[in-house]
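target_12.cif, holding mmCIF, C-alpha atoms (C1' of nucleotides):
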data_model
loop_
_atom_site.group_PDB
_atom_site.id
_atom_site.type_symbol
_atom_site.label_atom_id
_atom_site.label_comp_id
_atom_site.auth_asym_id
_atom_site.auth_seq_id
_atom_site.Cartn_x
_atom_site.Cartn_y
_atom_site.Cartn_z
ATOM 1 C CA MET A 1 -173.771 104.941 -157.208
ATOM 2 C CA MET A 2 -173.917 103.597 -160.713
ATOM 3 C CA LYS A 3 -174.999 100.102 -161.725
ATOM 4 C CA ILE A 4 -173.562 98.573 -164.884
ATOM 5 C CA ALA A 5 -174.675 95.110 -166.012
ATOM 6 C CA THR A 6 -174.260 92.482 -168.708
ATOM 7 C CA TRP A 7 -176.882 89.958 -169.827
ATOM 8 C CA ASN A 8 -177.018 87.453 -172.670
ATOM 9 C CA VAL A 9 -180.794 87.436 -173.262
ATOM 10 C CA ASN A 10 -180.934 84.712 -175.987
ATOM 11 C CA SER A 11 -183.401 86.567 -178.257
ATOM 12 C CA LEU A 12 -184.457 90.095 -177.323
ATOM 13 C CA LYS A 13 -187.782 89.521 -179.064
ATOM 14 C CA VAL A 14 -188.660 86.620 -176.744
ATOM 15 C CA ARG A 15 -187.164 88.277 -173.651
ATOM 16 C CA LEU A 16 -188.162 91.951 -174.134
ATOM 17 C CA THR A 17 -190.778 92.034 -171.359
ATOM 18 C CA GLN A 18 -188.355 90.330 -168.971
ATOM 19 C CA VAL A 19 -185.612 92.828 -169.794
ATOM 20 C CA LEU A 20 -187.907 95.832 -169.346
ATOM 21 C CA ASP A 21 -189.250 94.480 -166.044
ATOM 22 C CA TRP A 22 -185.707 93.795 -164.883
ATOM 23 C CA LEU A 23 -184.609 97.360 -165.705
ATOM 24 C CA LYS A 24 -187.586 98.733 -163.754
ATOM 25 C CA ASP A 25 -186.868 96.469 -160.765
ATOM 26 C CA THR A 26 -183.108 97.004 -160.576
ATOM 27 C CA GLN A 27 -182.952 100.625 -161.777
ATOM 28 C CA CYS A 28 -179.816 99.590 -163.608
ATOM 29 C CA ASP A 29 -177.989 102.540 -165.233
ATOM 30 C CA VAL A 30 -176.196 100.719 -168.041
ATOM 31 C CA LEU A 31 -176.962 97.284 -169.503
ATOM 32 C CA GLY A 32 -174.917 95.505 -172.168
ATOM 33 C CA ILE A 33 -177.002 92.892 -173.993
ATOM 34 C CA GLN A 34 -175.788 89.961 -176.111
ATOM 35 C CA GLU A 35 -177.561 87.573 -178.481
ATOM 36 C CA LEU A 36 -180.224 89.980 -179.657
ATOM 37 C CA LYS A 37 -181.053 87.631 -182.542
ATOM 38 C CA CYS A 38 -182.798 90.528 -184.288
ATOM 39 C CA ASP A 39 -181.781 92.878 -187.056
ATOM 40 C CA ASN A 40 -181.490 96.629 -186.578
ATOM 41 C CA GLU A 41 -184.821 97.309 -188.290
ATOM 42 C CA HIS A 42 -186.637 95.322 -185.606
ATOM 43 C CA PHE A 43 -184.704 96.546 -182.563
ATOM 44 C CA PRO A 44 -187.299 97.693 -179.950
ATOM 45 C CA GLN A 45 -185.791 101.151 -179.524
ATOM 46 C CA ASN A 46 -189.040 102.830 -178.448
ATOM 47 C CA ALA A 47 -189.668 100.377 -175.610
ATOM 48 C CA PHE A 48 -186.376 101.366 -173.982
ATOM 49 C CA GLU A 49 -186.715 105.067 -174.715
ATOM 50 C CA GLU A 50 -190.165 105.082 -173.082
ATOM 51 C CA LEU A 51 -188.433 103.950 -169.874
ATOM 52 C CA GLY A 52 -185.981 106.850 -170.195
ATOM 53 C CA TYR A 53 -183.034 104.948 -171.613
ATOM 54 C CA HIS A 54 -180.719 105.725 -174.512
ATOM 55 C CA VAL A 55 -179.790 102.853 -176.833
ATOM 56 C CA ALA A 56 -177.033 101.780 -179.196
ATOM 57 C CA PHE A 57 -177.280 98.500 -181.059
ATOM 58 C CA ASN A 58 -175.473 96.348 -183.590
ATOM 59 C CA GLY A 59 -177.733 93.522 -184.724
ATOM 60 C CA GLN A 60 -178.253 91.082 -187.557
ATOM 61 C CA LYS A 61 -180.869 88.566 -188.628
ATOM 62 C CA THR A 62 -181.150 85.227 -186.763
ATOM 63 C CA TYR A 63 -177.946 85.143 -184.698
ATOM 64 C CA ASN A 64 -175.577 87.217 -182.550
ATOM 65 C CA GLY A 65 -176.189 90.952 -182.076
ATOM 66 C CA VAL A 66 -175.228 93.270 -179.184
ATOM 67 C CA ALA A 67 -176.649 96.442 -177.646
ATOM 68 C CA ILE A 68 -176.051 98.939 -174.857
ATOM 69 C CA ILE A 69 -178.924 100.509 -172.890
ATOM 70 C CA SER A 70 -178.101 103.581 -170.763
ATOM 71 C CA LYS A 71 -179.789 106.160 -168.555
ATOM 72 C CA TYR A 72 -176.954 108.534 -169.492
ATOM 73 C CA PRO A 73 -176.189 109.769 -173.018
ATOM 74 C CA ILE A 74 -174.210 107.486 -175.317
ATOM 75 C CA THR A 75 -171.466 108.934 -177.540
ATOM 76 C CA ASP A 76 -168.675 107.776 -179.852
ATOM 77 C CA ILE A 77 -170.372 104.567 -180.961
ATOM 78 C CA CYS A 78 -168.029 102.122 -182.686
ATOM 79 C CA TYR A 79 -169.598 99.142 -184.441
ATOM 80 C CA ASP A 80 -167.685 95.837 -184.631
ATOM 81 C CA MET A 81 -163.900 95.735 -184.316
ATOM 82 C CA PRO A 82 -162.447 98.234 -186.782
ATOM 83 C CA ASP A 83 -159.458 96.176 -187.945
ATOM 84 C CA TYR A 84 -161.307 92.869 -188.299
ATOM 85 C CA ASN A 85 -163.471 91.833 -191.201
ATOM 86 C CA ASP A 86 -166.310 89.878 -189.574
ATOM 87 C CA ILE A 87 -169.871 89.482 -190.840
ATOM 88 C CA GLN A 88 -171.024 88.371 -187.375
ATOM 89 C CA LYS A 89 -172.242 91.241 -185.201
ATOM 90 C CA ARG A 90 -170.576 90.626 -181.860
ATOM 91 C CA VAL A 91 -169.120 93.922 -180.617
ATOM 92 C CA ILE A 92 -170.255 97.458 -179.904
ATOM 93 C CA THR A 93 -168.113 100.074 -178.141
ATOM 94 C CA VAL A 94 -169.476 103.316 -176.679
ATOM 95 C CA THR A 95 -168.657 106.095 -174.243
ATOM 96 C CA ILE A 96 -170.963 106.777 -171.266
ATOM 97 C CA CYS A 97 -170.003 109.188 -168.452
ATOM 98 C CA ASP A 98 -166.403 109.233 -169.673
ATOM 99 C CA ILE A 99 -166.165 105.437 -169.474
ATOM 100 C CA ARG A 100 -165.249 103.528 -172.641
ATOM 101 C CA ILE A 101 -167.485 100.441 -172.597
ATOM 102 C CA ILE A 102 -166.954 97.455 -174.890
ATOM 103 C CA CYS A 103 -169.898 95.044 -175.061
ATOM 104 C CA ALA A 104 -168.842 91.710 -176.576
ATOM 105 C CA TYR A 105 -170.432 88.403 -177.486
ATOM 106 C CA VAL A 106 -167.477 86.052 -177.813
ATOM 107 C CA VAL A 107 -167.608 83.180 -180.306
ATOM 108 C CA ASN A 108 -168.746 79.911 -178.675
ATOM 109 C CA GLY A 109 -166.264 77.681 -180.488
ATOM 110 C CA GLU A 110 -168.352 74.475 -180.478
ATOM 111 C CA ALA A 111 -165.465 72.027 -179.843
ATOM 112 C CA ILE A 112 -161.672 72.225 -179.591
ATOM 113 C CA ASP A 113 -161.100 70.310 -182.843
ATOM 114 C CA SER A 114 -163.636 72.308 -184.891
ATOM 115 C CA ASP A 115 -163.171 75.108 -187.423
ATOM 116 C CA LYS A 116 -165.328 77.266 -185.174
ATOM 117 C CA PHE A 117 -162.724 76.967 -182.430
ATOM 118 C CA GLN A 118 -160.059 78.339 -184.784
ATOM 119 C CA TYR A 119 -162.422 81.211 -185.519
ATOM 120 C CA LYS A 120 -162.851 81.720 -181.770
ATOM 121 C CA LEU A 121 -159.087 81.930 -181.206
ATOM 122 C CA SER A 122 -158.510 84.444 -183.999
ATOM 123 C CA TRP A 123 -161.557 86.414 -182.863
ATOM 124 C CA LEU A 124 -160.191 86.514 -179.297
ATOM 125 C CA ASP A 125 -156.849 87.817 -180.595
ATOM 126 C CA GLU A 126 -158.726 90.629 -182.266
ATOM 127 C CA LEU A 127 -160.707 91.415 -179.104
ATOM 128 C CA TYR A 128 -157.411 91.583 -177.219
ATOM 129 C CA ASN A 129 -156.073 94.105 -179.749
ATOM 130 C CA HIS A 130 -159.265 96.166 -179.671
ATOM 131 C CA THR A 131 -159.254 96.244 -175.856
ATOM 132 C CA GLN A 132 -155.574 97.212 -175.796
ATOM 133 C CA ASN A 133 -156.324 100.054 -178.210
ATOM 134 C CA MET A 134 -159.128 101.305 -175.951
ATOM 135 C CA LEU A 135 -156.855 101.133 -172.897
ATOM 136 C CA ASN A 136 -154.231 103.176 -174.750
ATOM 137 C CA LEU A 137 -156.808 105.888 -175.452
ATOM 138 C CA HIS A 138 -158.920 105.896 -172.265
ATOM 139 C CA ASN A 139 -158.267 105.607 -168.530
ATOM 140 C CA ARG A 140 -161.687 104.283 -167.652
ATOM 141 C CA VAL A 141 -162.444 101.130 -169.656
ATOM 142 C CA ILE A 142 -165.003 98.361 -169.131
ATOM 143 C CA LEU A 143 -165.033 95.160 -171.187
ATOM 144 C CA LEU A 144 -168.227 93.261 -170.466
ATOM 145 C CA GLY A 145 -170.273 90.510 -172.054
ATOM 146 C CA ASP A 146 -170.598 86.814 -172.712
ATOM 147 C CA PHE A 147 -166.966 85.651 -172.924
ATOM 148 C CA ASN A 148 -167.772 81.962 -173.408
ATOM 149 C CA ILE A 149 -164.787 81.261 -171.134
ATOM 150 C CA ALA A 150 -164.895 79.878 -167.603
ATOM 151 C CA PRO A 151 -161.666 81.380 -166.175
ATOM 152 C CA SER A 152 -160.863 78.672 -163.620
ATOM 153 C CA ASP A 153 -162.053 75.365 -162.228
ATOM 154 C CA ILE A 154 -163.992 77.054 -159.408
ATOM 155 C CA ASP A 155 -166.196 78.570 -162.129
ATOM 156 C CA VAL A 156 -167.273 75.126 -163.404
ATOM 157 C CA TYR A 157 -169.703 72.621 -161.858
ATOM 158 C CA ASP A 158 -167.693 69.537 -162.846
ATOM 159 C CA SER A 159 -164.170 70.636 -163.692
ATOM 160 C CA ALA A 160 -162.973 67.088 -164.350
ATOM 161 C CA MET A 161 -165.648 66.568 -166.980
ATOM 162 C CA TRP A 162 -165.026 70.000 -168.510
ATOM 163 C CA GLN A 163 -161.230 69.714 -168.544
ATOM 164 C CA ASP A 164 -159.846 70.492 -172.024
ATOM 165 C CA LYS A 165 -163.379 71.109 -173.319
ATOM 166 C CA VAL A 166 -164.421 74.271 -175.107
ATOM 167 C CA LEU A 167 -165.025 77.162 -172.631
ATOM 168 C CA CYS A 168 -162.442 75.628 -170.239
ATOM 169 C CA SER A 169 -159.422 74.774 -172.407
ATOM 170 C CA ASP A 170 -155.886 75.910 -171.640
ATOM 171 C CA MET A 171 -155.891 77.964 -174.857
ATOM 172 C CA GLU A 172 -158.933 79.963 -173.804
ATOM 173 C CA ARG A 173 -157.727 80.365 -170.220
ATOM 174 C CA SER A 174 -154.278 81.488 -171.428
ATOM 175 C CA TRP A 175 -155.954 84.166 -173.517
ATOM 176 C CA TRP A 176 -157.953 85.238 -170.464
ATOM 177 C CA THR A 177 -154.748 85.544 -168.393
ATOM 178 C CA LYS A 178 -153.061 87.501 -171.173
ATOM 179 C CA LEU A 179 -156.061 89.829 -171.418
ATOM 180 C CA LEU A 180 -156.064 90.519 -167.673
ATOM 181 C CA SER A 181 -152.327 91.240 -167.855
ATOM 182 C CA LEU A 182 -153.282 94.405 -169.762
ATOM 183 C CA GLU A 183 -154.282 95.425 -166.218
ATOM 184 C CA LEU A 184 -157.938 94.610 -166.262
ATOM 185 C CA TYR A 185 -159.721 93.142 -163.258
ATOM 186 C CA ASP A 186 -162.413 90.471 -163.150
ATOM 187 C CA SER A 187 -164.761 92.600 -161.067
ATOM 188 C CA PHE A 188 -166.701 89.646 -159.670
ATOM 189 C CA ARG A 189 -163.505 88.177 -158.219
ATOM 190 C CA LEU A 190 -162.583 91.457 -156.530
ATOM 191 C CA PHE A 191 -165.381 90.736 -154.083
ATOM 192 C CA SER A 192 -165.742 86.971 -153.877
ATOM 193 C CA ASN A 193 -163.536 83.912 -153.979
ATOM 194 C CA GLU A 194 -166.536 81.615 -153.608
ATOM 195 C CA PRO A 195 -166.733 78.684 -156.013
ATOM 196 C CA LYS A 196 -169.960 77.656 -157.785
ATOM 197 C CA GLN A 197 -171.022 81.195 -158.693
ATOM 198 C CA TYR A 198 -172.481 80.678 -162.142
ATOM 199 C CA THR A 199 -174.009 82.879 -164.867
ATOM 200 C CA TRP A 200 -175.161 80.172 -167.308
ATOM 201 C CA TRP A 201 -177.022 76.880 -166.906
ATOM 202 C CA ASP A 202 -178.016 74.469 -169.673
ATOM 203 C CA TYR A 203 -181.718 74.386 -170.471
ATOM 204 C CA ARG A 204 -181.629 70.606 -170.318
ATOM 205 C CA ASN A 205 -181.704 68.166 -167.389
ATOM 206 C CA PHE A 206 -182.864 70.733 -164.794
ATOM 207 C CA ALA A 207 -179.339 72.156 -164.754
ATOM 208 C CA PHE A 208 -180.367 75.375 -162.956
ATOM 209 C CA LYS A 209 -182.306 73.569 -160.247
ATOM 210 C CA ARG A 210 -179.382 71.146 -159.815
ATOM 211 C CA LYS A 211 -176.907 74.067 -159.682
ATOM 212 C CA LEU A 212 -174.915 72.732 -162.642
ATOM 213 C CA GLY A 213 -173.599 75.870 -164.315
ATOM 214 C CA LEU A 214 -170.617 77.854 -165.541
ATOM 215 C CA ARG A 215 -169.385 81.398 -164.897
ATOM 216 C CA ILE A 216 -168.818 82.669 -168.435
ATOM 217 C CA ASP A 217 -170.315 86.205 -168.352
ATOM 218 C CA HIS A 218 -167.930 88.824 -167.021
ATOM 219 C CA ILE A 219 -167.315 92.523 -166.356
ATOM 220 C CA LEU A 220 -163.645 93.543 -166.598
ATOM 221 C CA ILE A 221 -162.541 96.981 -165.407
ATOM 222 C CA SER A 222 -159.435 99.161 -165.659
ATOM 223 C CA PRO A 223 -157.558 100.403 -162.522
ATOM 224 C CA PRO A 224 -159.350 103.764 -162.043
ATOM 225 C CA LEU A 225 -162.662 101.881 -162.002
ATOM 226 C CA LYS A 226 -161.304 99.222 -159.654
ATOM 227 C CA ASP A 227 -160.649 102.060 -157.222
ATOM 228 C CA ILE A 228 -164.335 103.019 -157.159
ATOM 229 C CA ALA A 229 -165.900 99.556 -157.567
ATOM 230 C CA CYS A 230 -167.948 98.662 -154.498
ATOM 231 C CA GLY A 231 -169.601 95.387 -155.528
ATOM 232 C CA CYS A 232 -170.246 92.857 -158.267
ATOM 233 C CA THR A 233 -173.083 90.362 -158.037
ATOM 234 C CA ILE A 234 -174.795 87.712 -160.138
ATOM 235 C CA ASP A 235 -178.571 88.162 -160.196
ATOM 236 C CA THR A 236 -180.012 84.673 -160.534
ATOM 237 C CA ASN A 237 -183.628 85.850 -160.297
ATOM 238 C CA PRO A 238 -184.258 86.177 -164.066
ATOM 239 C CA ARG A 239 -183.181 82.537 -164.499
ATOM 240 C CA LYS A 240 -186.276 81.594 -162.415
ATOM 241 C CA ASN A 241 -188.682 83.326 -164.847
ATOM 242 C CA GLU A 242 -191.062 81.547 -167.190
ATOM 243 C CA ARG A 243 -189.186 81.051 -170.475
ATOM 244 C CA PRO A 244 -185.891 82.372 -169.092
ATOM 245 C CA SER A 245 -182.681 83.083 -170.931
ATOM 246 C CA ASP A 246 -180.093 80.403 -170.200
ATOM 247 C CA HIS A 247 -177.794 83.232 -168.978
ATOM 248 C CA THR A 248 -178.474 85.570 -166.051
ATOM 249 C CA PRO A 249 -177.224 89.135 -165.417
ATOM 250 C CA VAL A 250 -173.994 90.238 -163.718
ATOM 251 C CA ILE A 251 -174.117 93.680 -162.050
ATOM 252 C CA LEU A 252 -171.178 95.953 -161.172
ATOM 253 C CA THR A 253 -171.691 98.841 -158.741
ATOM 254 C CA LEU A 254 -169.437 101.920 -158.876
ATOM 255 C CA ASN A 255 -169.188 104.599 -156.198
ATOM 256 C CA HIS A 256 -168.188 108.250 -156.378
ATOM 257 C CA LEU A 257 -168.609 108.401 -160.143
ATOM 258 C CA ASN A 258 -169.116 111.811 -161.675
ATOM 259 C CA THR A 259 -171.948 111.216 -164.139
ATOM 260 C CA LYS A 260 -171.818 114.722 -165.580
ATOM 261 C "C1'" DA B 1 -176.398 58.482 -172.473
ATOM 262 C "C1'" DT B 2 -172.972 62.251 -178.749
ATOM 263 C "C1'" DG B 3 -178.952 62.717 -175.707
ATOM 264 C "C1'" DG B 4 -181.523 65.981 -172.844
ATOM 265 C "C1'" DC B 5 -183.713 72.024 -174.301
ATOM 266 C "C1'" DT B 6 -184.562 76.600 -176.714
ATOM 267 C "C1'" DT B 7 -184.494 79.742 -180.587
ATOM 268 C "C1'" DC B 8 -184.771 80.903 -185.454
ATOM 269 C "C1'" DA B 9 -185.497 79.109 -189.482
ATOM 270 C "C1'" DT B 10 -187.982 76.404 -192.917
ATOM 271 C "C1'" DA B 11 -190.800 72.334 -193.832
ATOM 272 C "C1'" DG B 12 -184.345 68.993 -193.758
ATOM 273 C "C1'" DT B 13 -180.818 64.362 -193.077
ATOM 274 C "C1'" DG B 14 -182.156 71.465 -189.413
ATOM 275 C "C1'" DA B 15 -178.471 74.722 -187.357
ATOM 276 C "C1'" DA B 16 -176.514 76.722 -183.399
ATOM 277 C "C1'" DG B 17 -175.929 77.498 -178.796
ATOM 278 C "C1'" DA B 18 -172.696 76.075 -174.363
#
Translate the structure of the given file into structure tokens.
Amino acid sequence: MMKIATWNVNSLKVRLTQVLDWLKDTQCDVLGIQELKCDNEHFPQNAFEELGYHVAFNGQKTYNGVAIISKYPITDICYDMPDYNDIQKRVITVTICDIRIICAYVVNGEAIDSDKFQYKLSWLDELYNHTQNMLNLHNRVILLGDFNIAPSDIDVYDSAMWQDKVLCSDMERSWWTKLLSLELYDSFRLFSNEPKQYTWWDYRNFAFKRKLGLRIDHILISPPLKDIACGCTIDTNPRKNERPSDHTPVILTLNHLNTK
DNA sequence: ATGGCTTCATAGTGAAGA
């Protein structure tokens, strides 16, 4: 059994104790983190290594930043997307146990009519190309992270209100469909068709307590991993912490994986 | 209800997140 998770922590500095406690509690093998909001000089490498984890990170001051934490050795680290000139640190790609893992923090996009949305669309095109390249080179591929896309109306607390809004627009959902047509699977939906299964809730208006959320954090897997996937769950417990992240972790479980 | 809350930043008429 191997547990692989994604979690947008919204500042690793603020959330470090919560992340370390969560790793101890869940015994997670691999964790992709987004929104570090810390530069590489301040990444808390020792704290993870003291728990027996390896780390790879791609951070910057103030915003963005991604990392991968692993009980197994990390090799072939690729920072950013090689063919895309982007000062924002949103992607890191590594190999762990012969699985190519892409950890991504997708651009939010602010609003459909904004410049940031145009940046989001071009950025998504580049992530599609990068993922396709990885699939051409590797059989076992995982693309995980904060996608800032709710794939369908059952992933949204008020789909009428969110219709044509950023995170739910036809443009973003078309990209999602195109991405999955590379033969990737939304691992959460392999095991559940239940609506109202969310990974993010607004800090405001008691959104978590009122169950007003979105499912925007995902773990996508290639066919050989689909064959050994035995569960994918959303762990809402960290959202109940004092000073929580607004996102909560998603955990994929794989069976029969040779970790040598 | 164009607000609500949180973080990082600076001391703003804040910016950004989702």
Around the point (-177.0, 93.4, -171.8), in the coordinates given by the file, pick out the residues reaching within 9 Å, counting all atoms listed in the file, and return them as a count of residues only.
20
For chain A, which residues have at least one atom within 8 Å of chain B, if we go by all atoms listed in the file? Write them as a list in words, please.
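In the required form, that comes to Asn10, Ser11, Thr62, Asn108, Glu110, Asn148, Leu167, Asp202, Tyr203, Arg204 and Asn205 of chain A.
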Can you list, as a compact mmCIF listing (two decimals) with C-alpha atoms, in the frame of the given file, the residues that the PyMOL selection byres ((chain A and resi 171-187) around 10) selects here?
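Generated file (expr-v4.txt):
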# COMPACT_ATOMS: atom_id res chain seq x y z
CA ILE A 112 -161.67 72.22 -179.59
CA PHE A 117 -162.72 76.97 -182.43
CA LYS A 120 -162.85 81.72 -181.77
CA LEU A 121 -159.09 81.93 -181.21
CA LEU A 124 -160.19 86.51 -179.30
CA ASP A 125 -156.85 87.82 -180.60
CA LEU A 127 -160.71 91.42 -179.10
CA TYR A 128 -157.41 91.58 -177.22
CA ASN A 129 -156.07 94.10 -179.75
CA THR A 131 -159.25 96.24 -175.86
CA GLN A 132 -155.57 97.21 -175.80
CA LEU A 135 -156.85 101.13 -172.90
CA VAL A 141 -162.44 101.13 -169.66
CA ILE A 142 -165.00 98.36 -169.13
CA LEU A 143 -165.03 95.16 -171.19
CA LEU A 144 -168.23 93.26 -170.47
CA PHE A 147 -166.97 85.65 -172.92
CA ASN A 148 -167.77 81.96 -173.41
CA ILE A 149 -164.79 81.26 -171.13
CA ALA A 150 -164.90 79.88 -167.60
CA PRO A 151 -161.67 81.38 -166.18
CA SER A 152 -160.86 78.67 -163.62
CA ASP A 164 -159.85 70.49 -172.02
CA LYS A 165 -163.38 71.11 -173.32
CA VAL A 166 -164.42 74.27 -175.11
CA LEU A 167 -165.02 77.16 -172.63
CA CYS A 168 -162.44 75.63 -170.24
CA SER A 169 -159.42 74.77 -172.41
CA ASP A 170 -155.89 75.91 -171.64
CA PHE A 188 -166.70 89.65 -159.67
CA ARG A 189 -163.50 88.18 -158.22
CA LEU A 190 -162.58 91.46 -156.53
CA PHE A 191 -165.38 90.74 -154.08
CA SER A 192 -165.74 86.97 -153.88
CA HIS A 218 -167.93 88.82 -167.02
CA ILE A 219 -167.32 92.52 -166.36
CA LEU A 220 -163.65 93.54 -166.60
CA ILE A 221 -162.54 96.98 -165.41
CA SER A 222 -159.44 99.16 -165.66
CA PRO A 223 -157.56 100.40 -162.52
CA LEU A 225 -162.66 101.88 -162.00
CA LYS A 226 -161.30 99.22 -159.65
CA ALA A 229 -165.90 99.56 -157.57
CA CYS A 230 -167.95 98.66 -154.50
CA GLY A 231 -169.60 95.39 -155.53
CA CYS A 232 -170.25 92.86 -158.27
CA THR A 233 -173.08 90.36 -158.04
CA VAL A 250 -173.99 90.24 -163.72
CA ILE A 251 -174.12 93.68 -162.05
CA LEU A 252 -171.18 95.95 -161.17
CA THR A 253 -171.69 98.84 -158.74
From the options A:Arg90, A:His256, A:Arg239, A:Lys196, which residue's atoms come nearest to Arg215 in chain A, counting only C-alpha atoms?
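For Arg215 in chain A, the nearest of the given residues is A:Lys196.
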Expand the PyMOL selection byres ((chain A and resi 37) around 8) into the explicit residue set it covers here, and present it as a list in words.
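Going through the file, the PyMOL selection byres ((chain A and resi 37) around 8) ends up selecting Asn10, Ser11, Leu12, Lys13, Glu35, Leu36, Cys38, Asp39, Gly59, Gln60, Lys61, Thr62, Tyr63, Asn64 and Gly65 of chain A.
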Would you please work out which residue, of A:Leu20, A:Ile77, A:Gly109, A:Pro82, is nearest to Gly52 in chain A when using all atoms listed in the file?
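Closest residue, counting all atoms listed in the file: A:Leu20.
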